[in-house]
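Next comes structure.pdb, a file with PDB, C-alpha atoms, pLDDT in the B column.
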```pdb
ATOM      1  CA  MET A   1     -17.515   4.425   6.244  1.00 39.00           C
ATOM      2  CA  SER A   2     -14.460   3.407   4.226  1.00 42.00           C
ATOM      3  CA  GLU A   3     -11.110   2.696   5.804  1.00 47.00           C
ATOM      4  CA  VAL A   4      -8.276   5.104   5.190  1.00 47.00           C
ATOM      5  CA  ASP A   5      -5.151   3.560   3.702  1.00 47.00           C
ATOM      6  CA  GLU A   6      -2.618   3.321   6.520  1.00 53.00           C
ATOM      7  CA  ASN A   7       0.380   3.775   4.222  1.00 59.00           C
ATOM      8  CA  PRO A   8      -0.264   6.087   1.253  1.00 61.00           C
ATOM      9  CA  LEU A   9       3.208   5.347  -0.156  1.00 58.00           C
ATOM     10  CA  THR A  10       2.411   1.637  -0.424  1.00 64.00           C
ATOM     11  CA  SER A  11      -0.803   2.554  -2.143  1.00 84.00           C
ATOM     12  CA  LEU A  12       1.070   4.856  -4.554  1.00 87.00           C
ATOM     13  CA  GLN A  13       3.558   2.084  -5.312  1.00 90.00           C
ATOM     14  CA  ASP A  14       0.702  -0.365  -5.880  1.00 92.00           C
ATOM     15  CA  ASP A  15      -1.092   2.091  -8.164  1.00 92.00           C
ATOM     16  CA  VAL A  16       2.079   2.723 -10.174  1.00 94.00           C
ATOM     17  CA  LEU A  17       2.718  -1.020 -10.519  1.00 95.00           C
ATOM     18  CA  GLU A  18      -0.862  -1.540 -11.662  1.00 95.00           C
ATOM     19  CA  GLU A  19      -0.588   1.312 -14.165  1.00 94.00           C
ATOM     20  CA  LEU A  20       2.667  -0.133 -15.519  1.00 95.00           C
ATOM     21  CA  GLY A  21       1.057  -3.518 -16.027  1.00 95.00           C
ATOM     22  CA  ASP A  22       2.691  -6.898 -16.427  1.00 95.00           C
ATOM     23  CA  ASP A  23       4.149  -6.136 -19.869  1.00 94.00           C
ATOM     24  CA  ARG A  24       6.115  -3.076 -18.772  1.00 94.00           C
ATOM     25  CA  ILE A  25       7.137  -4.775 -15.525  1.00 96.00           C
ATOM     26  CA  GLY A  26       8.474  -7.596 -17.706  1.00 95.00           C
ATOM     27  CA  ASP A  27      10.336  -5.059 -19.848  1.00 94.00           C
ATOM     28  CA  ILE A  28      11.866  -3.494 -16.737  1.00 93.00           C
ATOM     29  CA  ALA A  29      12.875  -6.944 -15.476  1.00 94.00           C
ATOM     30  CA  GLY A  30      14.549  -7.670 -18.811  1.00 93.00           C
ATOM     31  CA  LEU A  31      16.392  -4.360 -18.775  1.00 89.00           C
ATOM     32  CA  LEU A  32      17.655  -5.028 -15.272  1.00 89.00           C
ATOM     33  CA  GLY A  33      18.408  -8.684 -15.871  1.00 89.00           C
ATOM     34  CA  THR A  34      16.156  -9.733 -13.005  1.00 90.00           C
ATOM     35  CA  ASP A  35      12.765 -11.326 -12.426  1.00 93.00           C
ATOM     36  CA  GLU A  36       9.410  -9.570 -12.033  1.00 95.00           C
ATOM     37  CA  ALA A  37       9.781  -9.421  -8.244  1.00 94.00           C
ATOM     38  CA  GLY A  38      13.083  -7.578  -8.651  1.00 92.00           C
ATOM     39  CA  ALA A  39      11.515  -5.209 -11.160  1.00 93.00           C
ATOM     40  CA  ARG A  40       8.604  -4.512  -8.809  1.00 94.00           C
ATOM     41  CA  GLN A  41      11.043  -3.816  -5.991  1.00 92.00           C
ATOM     42  CA  MET A  42      12.977  -1.433  -8.248  1.00 91.00           C
ATOM     43  CA  VAL A  43       9.786   0.423  -9.161  1.00 93.00           C
ATOM     44  CA  GLY A  44       8.851   0.641  -5.480  1.00 91.00           C
ATOM     45  CA  THR A  45      12.259   2.047  -4.579  1.00 88.00           C
ATOM     46  CA  THR A  46      11.974   4.592  -7.395  1.00 89.00           C
ATOM     47  CA  VAL A  47       8.485   5.692  -6.307  1.00 88.00           C
ATOM     48  CA  ALA A  48       9.743   6.020  -2.747  1.00 86.00           C
ATOM     49  CA  ALA A  49      12.693   8.156  -3.866  1.00 84.00           C
ATOM     50  CA  LEU A  50      10.455  10.377  -5.988  1.00 81.00           C
ATOM     51  CA  SER A  51       7.943  10.871  -3.210  1.00 77.00           C
ATOM     52  CA  GLY A  52      10.482  11.551  -0.469  1.00 70.00           C
ATOM     53  CA  GLU A  53       8.941   8.856   1.698  1.00 58.00           C
ATOM     54  CA  ALA A  54      11.917   6.558   1.571  1.00 47.00           C
ATOM     55  CA  HIS A  55      14.160   6.787   4.554  1.00 45.00           C
ATOM     56  CA  THR A  56      15.815   3.767   2.931  1.00 43.00           C
ATOM     57  CA  VAL A  57      16.833   5.797  -0.115  1.00 43.00           C
ATOM     58  CA  ALA A  58      19.217   8.641   0.530  1.00 43.00           C
ATOM     59  CA  THR A  59      18.321  11.325  -1.991  1.00 42.00           C
ATOM     60  CA  PRO A  60      20.828  14.139  -2.435  1.00 42.00           C
ATOM     61  CA  HIS A  61      18.243  16.770  -1.489  1.00 44.00           C
ATOM     62  CA  GLU A  62      14.494  17.159  -1.149  1.00 46.00           C
ATOM     63  CA  ALA A  63      12.584  14.594  -3.200  1.00 45.00           C
ATOM     64  CA  PRO A  64      10.845  16.090  -6.250  1.00 47.00           C
ATOM     65  CA  LEU A  65       7.302  15.129  -5.240  1.00 46.00           C
ATOM     66  CA  THR A  66       7.541  16.464  -1.695  1.00 43.00           C
ATOM     67  CA  GLY A  67       4.844  19.080  -1.179  1.00 41.00           C
ATOM     68  CA  VAL A  68       3.564  18.785  -4.720  1.00 42.00           C
ATOM     69  CA  ALA A  69      -0.043  19.123  -3.603  1.00 37.00           C
ATOM     70  CA  THR A  70       0.652  22.766  -2.793  1.00 34.00           C
ATOM     71  CA  VAL A  71       1.754  23.562  -6.352  1.00 39.00           C
ATOM     72  CA  GLY A  72      -1.766  23.694  -7.754  1.00 41.00           C
ATOM     73  CA  GLY A  73      -2.309  19.952  -7.904  1.00 43.00           C
ATOM     74  CA  PHE A  74      -1.637  17.908 -10.972  1.00 42.00           C
ATOM     75  CA  ALA A  75      -3.512  20.095 -13.397  1.00 43.00           C
ATOM     76  CA  THR A  76      -0.040  21.504 -13.913  1.00 43.00           C
ATOM     77  CA  GLY A  77       1.272  18.141 -15.123  1.00 49.00           C
ATOM     78  CA  GLY A  78       3.576  19.699 -17.703  1.00 56.00           C
ATOM     79  CA  LEU A  79       5.264  21.746 -15.014  1.00 55.00           C
ATOM     80  CA  MET A  80       5.624  18.724 -12.761  1.00 58.00           C
ATOM     81  CA  ALA A  81       6.948  16.593 -15.614  1.00 60.00           C
ATOM     82  CA  GLY A  82       9.646  19.200 -16.182  1.00 64.00           C
ATOM     83  CA  VAL A  83      10.566  19.332 -12.507  1.00 63.00           C
ATOM     84  CA  LEU A  84      10.709  15.554 -12.284  1.00 65.00           C
ATOM     85  CA  ALA A  85      12.753  15.263 -15.472  1.00 67.00           C
ATOM     86  CA  GLU A  86      15.332  17.626 -13.967  1.00 71.00           C
ATOM     87  CA  GLU A  87      15.461  15.479 -10.833  1.00 75.00           C
ATOM     88  CA  ALA A  88      15.565  12.136 -12.656  1.00 81.00           C
ATOM     89  CA  GLU A  89      19.360  11.915 -12.646  1.00 82.00           C
ATOM     90  CA  ARG A  90      19.624  12.580  -8.910  1.00 84.00           C
ATOM     91  CA  VAL A  91      16.871  10.085  -8.136  1.00 85.00           C
ATOM     92  CA  ALA A  92      18.485   7.498 -10.439  1.00 87.00           C
ATOM     93  CA  THR A  93      21.842   7.983  -8.705  1.00 87.00           C
ATOM     94  CA  ALA A  94      20.252   7.525  -5.274  1.00 86.00           C
ATOM     95  CA  VAL A  95      18.312   4.444  -6.386  1.00 86.00           C
ATOM     96  CA  ALA A  96      21.380   2.933  -8.102  1.00 88.00           C
ATOM     97  CA  ARG A  97      23.420   3.488  -4.960  1.00 88.00           C
ATOM     98  CA  ARG A  98      20.691   1.858  -2.845  1.00 85.00           C
ATOM     99  CA  THR A  99      20.118  -1.120  -5.129  1.00 84.00           C
ATOM    100  CA  GLY A 100      23.640  -1.644  -6.461  1.00 87.00           C
ATOM    101  CA  LEU A 101      22.297  -1.670 -10.032  1.00 87.00           C
ATOM    102  CA  PRO A 102      24.081   0.081 -12.919  1.00 87.00           C
ATOM    103  CA  PRO A 103      23.193   3.801 -13.019  1.00 87.00           C
ATOM    104  CA  GLY A 104      22.467   3.713 -16.772  1.00 88.00           C
ATOM    105  CA  ALA A 105      19.822   1.023 -16.408  1.00 89.00           C
ATOM    106  CA  VAL A 106      18.352   2.721 -13.350  1.00 90.00           C
ATOM    107  CA  SER A 107      18.126   6.019 -15.264  1.00 89.00           C
ATOM    108  CA  ARG A 108      16.077   4.342 -17.987  1.00 89.00           C
ATOM    109  CA  ILE A 109      13.766   2.845 -15.354  1.00 90.00           C
ATOM    110  CA  VAL A 110      13.337   6.201 -13.606  1.00 88.00           C
ATOM    111  CA  GLU A 111      12.514   7.834 -16.952  1.00 86.00           C
ATOM    112  CA  THR A 112       9.899   5.112 -17.519  1.00 88.00           C
ATOM    113  CA  VAL A 113       8.406   5.425 -14.043  1.00 89.00           C
ATOM    114  CA  ILE A 114       8.117   9.239 -13.884  1.00 86.00           C
ATOM    115  CA  PRO A 115       5.283   9.577 -16.436  1.00 85.00           C
ATOM    116  CA  VAL A 116       3.457   6.660 -14.811  1.00 89.00           C
ATOM    117  CA  VAL A 117       3.700   8.300 -11.378  1.00 85.00           C
ATOM    118  CA  LEU A 118       2.331  11.512 -12.898  1.00 83.00           C
ATOM    119  CA  ALA A 119      -0.536   9.597 -14.527  1.00 85.00           C
ATOM    120  CA  VAL A 120      -1.426   7.911 -11.230  1.00 86.00           C
ATOM    121  CA  LEU A 121      -1.318  11.183  -9.328  1.00 82.00           C
ATOM    122  CA  THR A 122      -3.407  12.907 -12.004  1.00 82.00           C
ATOM    123  CA  LYS A 123      -6.027  10.165 -11.731  1.00 83.00           C
ATOM    124  CA  ARG A 124      -6.036  10.504  -7.953  1.00 81.00           C
ATOM    125  CA  ALA A 125      -6.454  14.268  -8.145  1.00 79.00           C
ATOM    126  CA  ALA A 126      -9.431  13.837 -10.499  1.00 79.00           C
ATOM    127  CA  ARG A 127     -11.282  11.595  -8.032  1.00 76.00           C
ATOM    128  CA  PRO A 128     -14.227  13.254  -6.277  1.00 71.00           C
TER     129      PRO A 128
END
```
Translate the structure of the given file into structure tokens.
Amino acid sequence: MSEVDENPLTSLQDDVLEELGDDRIGDIAGLLGTDEAGARQMVGTTVAALSGEAHTVATPHEAPLTGVATVGGFATGGLMAGVLAEEAERVATAVARRTGLPPGAVSRIVETVIPVVLAVLTKRAARP
């Protein structure tokens, strides 16, 4: 019997970081003027804000991924991409406030992370 992941958010963050890969993490670090550890932390904070699992990130209202499994799964990726794109500014504002980073740079990171989160969730939904 396999063990169940104790913290699905950590797993989601790990999967998103893996999907991004070292090159894009490096690009994010360059954009933020930080090192790879700082970029990874930024991605983790963004994933947490998107998923609504971050009590450390005060989002203005319900996080965009909350309850997404009840919307027909991720076969409706186009719909979810649209919903997330609409929420990107609010998430970026919350993450910028939490991290103290410039909102413009955070917005570009959030826009980079959203499609990766969708790709990870789509892959997860396709698993047997």
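Take CA of Val106 (chain A) and CA of Leu121 (chain A): the distance between them is 21.8 Å.
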Hey, can I get the axis-aligned box for region 85-93 of chain A? All listed atoms, 5 Å padding on each side, centre and edge lengths in Å to one decimal, as lines of an AutoDock Vina configuration file.
```
center_x = 17.3
center_y = 12.6
center_z = -11.8
size_x = 19.1
size_y = 20.1
size_z = 17.3
```
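Among the candidates A:Val116, A:Ala48, A:Ala105, A:Ala125, the one nearest to Ala29 (chain A) when counting all atoms listed in the file is A:Ala105.
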Separation of CA of Thr46 (chain A) from CA of Val95 (chain A) in Å: 6.4 Å
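Among A:Ile114, A:Leu12, A:Leu101, A:Val43, the residue with the shortest atom-to-atom distance to Ala88 (chain A), counting only C-alpha atoms, is A:Ile114.
Here, the PyMOL selection byres ((chain A and resi 25) around 10) matches Leu17, Glu18, Glu19, Leu20, Gly21, Asp22, Asp23, Arg24, Gly26, Asp27, Ile28, Ala29, Gly30, Leu31, Asp35, Glu36, Ala37, Gly38, Ala39, Arg40, Met42 and Val43 of chain A.
Going from CA of Gln13 (chain A) over to CA of Pro103 (chain A), you cover 21.2 Å.
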Exercise: Ser107 (chain A) partners within 10 Å, all atoms listed in the file, chain neighbours under 5 positions left out, as a ChimeraX atom specification: /A:88-93,95-96,102,112-113
Test item: write region 99-112 of chain A with all heavy atoms as a short mmCIF file (atom, residue, chain, number, x, y, z; two decimals), in the first residue's frame:
```
data_model
loop_
_atom_site.label_atom_id
_atom_site.label_comp_id
_atom_site.auth_asym_id
_atom_site.auth_seq_id
_atom_site.Cartn_x
_atom_site.Cartn_y
_atom_site.Cartn_z
N THR A 99 5.17 39.28 0.17
CA THR A 99 6.61 39.15 -0.04
C THR A 99 7.36 40.47 -0.03
O THR A 99 8.58 40.48 0.12
CB THR A 99 6.89 38.46 -1.39
OG1 THR A 99 6.36 39.27 -2.45
CG2 THR A 99 6.29 37.07 -1.44
N GLY A 100 6.64 41.58 -0.23
CA GLY A 100 7.30 42.88 -0.29
C GLY A 100 7.96 43.14 -1.64
O GLY A 100 8.68 44.12 -1.80
N LEU A 101 7.70 42.29 -2.62
CA LEU A 101 8.27 42.46 -3.96
C LEU A 101 7.40 43.41 -4.78
O LEU A 101 6.21 43.57 -4.51
CB LEU A 101 8.38 41.11 -4.65
CG LEU A 101 9.37 40.14 -4.02
CD1 LEU A 101 9.19 38.74 -4.59
CD2 LEU A 101 10.79 40.63 -4.24
N PRO A 102 7.98 44.02 -5.83
CA PRO A 102 7.21 44.94 -6.66
C PRO A 102 6.05 44.23 -7.36
O PRO A 102 6.22 43.16 -7.94
CB PRO A 102 8.23 45.42 -7.70
CG PRO A 102 9.57 45.04 -7.18
CD PRO A 102 9.37 43.89 -6.25
N PRO A 103 4.85 44.82 -7.31
CA PRO A 103 3.68 44.19 -7.91
C PRO A 103 3.84 43.86 -9.39
O PRO A 103 3.34 42.83 -9.85
CB PRO A 103 2.57 45.23 -7.70
CG PRO A 103 3.01 46.01 -6.51
CD PRO A 103 4.51 46.05 -6.60
N GLY A 104 4.53 44.68 -10.15
CA GLY A 104 4.72 44.41 -11.58
C GLY A 104 5.49 43.12 -11.82
O GLY A 104 5.11 42.31 -12.66
N ALA A 105 6.55 42.93 -11.07
CA ALA A 105 7.35 41.70 -11.21
C ALA A 105 6.54 40.50 -10.75
O ALA A 105 6.56 39.44 -11.38
CB ALA A 105 8.65 41.82 -10.41
N VAL A 106 5.81 40.66 -9.65
CA VAL A 106 5.01 39.56 -9.13
C VAL A 106 3.93 39.18 -10.14
O VAL A 106 3.66 38.00 -10.36
CB VAL A 106 4.39 39.92 -7.76
CG1 VAL A 106 3.42 38.85 -7.30
CG2 VAL A 106 5.50 40.12 -6.72
N SER A 107 3.32 40.17 -10.79
CA SER A 107 2.30 39.88 -11.81
C SER A 107 2.86 39.03 -12.93
O SER A 107 2.21 38.09 -13.40
CB SER A 107 1.75 41.18 -12.40
OG SER A 107 0.97 41.86 -11.46
N ARG A 108 4.07 39.33 -13.37
CA ARG A 108 4.68 38.54 -14.44
C ARG A 108 4.95 37.12 -13.97
O ARG A 108 4.79 36.17 -14.73
CB ARG A 108 5.95 39.22 -14.96
CG ARG A 108 5.59 40.53 -15.64
CD ARG A 108 6.60 41.10 -16.59
NE ARG A 108 7.99 40.96 -16.28
CZ ARG A 108 8.83 41.95 -16.06
NH1 ARG A 108 8.39 43.19 -16.08
NH2 ARG A 108 10.10 41.73 -15.81
N ILE A 109 5.33 36.96 -12.72
CA ILE A 109 5.58 35.62 -12.16
C ILE A 109 4.26 34.85 -12.09
O ILE A 109 4.18 33.69 -12.47
CB ILE A 109 6.24 35.69 -10.77
CG1 ILE A 109 7.53 36.48 -10.80
CG2 ILE A 109 6.43 34.29 -10.20
CD1 ILE A 109 8.53 36.07 -11.83
N VAL A 110 3.22 35.49 -11.59
CA VAL A 110 1.91 34.84 -11.47
C VAL A 110 1.43 34.40 -12.86
O VAL A 110 0.94 33.29 -13.03
CB VAL A 110 0.88 35.76 -10.78
CG1 VAL A 110 -0.52 35.22 -10.90
CG2 VAL A 110 1.26 35.98 -9.32
N GLU A 111 1.60 35.26 -13.86
CA GLU A 111 1.20 34.91 -15.22
C GLU A 111 2.02 33.74 -15.77
O GLU A 111 1.54 32.98 -16.61
CB GLU A 111 1.31 36.13 -16.13
CG GLU A 111 0.26 37.18 -15.80
CD GLU A 111 0.51 38.51 -16.50
OE1 GLU A 111 1.44 38.61 -17.34
OE2 GLU A 111 -0.23 39.48 -16.20
N THR A 112 3.24 33.59 -15.31
CA THR A 112 4.08 32.46 -15.71
C THR A 112 3.65 31.18 -14.99
O THR A 112 3.64 30.11 -15.58
CB THR A 112 5.57 32.75 -15.38
OG1 THR A 112 5.97 33.91 -16.11
CG2 THR A 112 6.46 31.59 -15.72
#
```
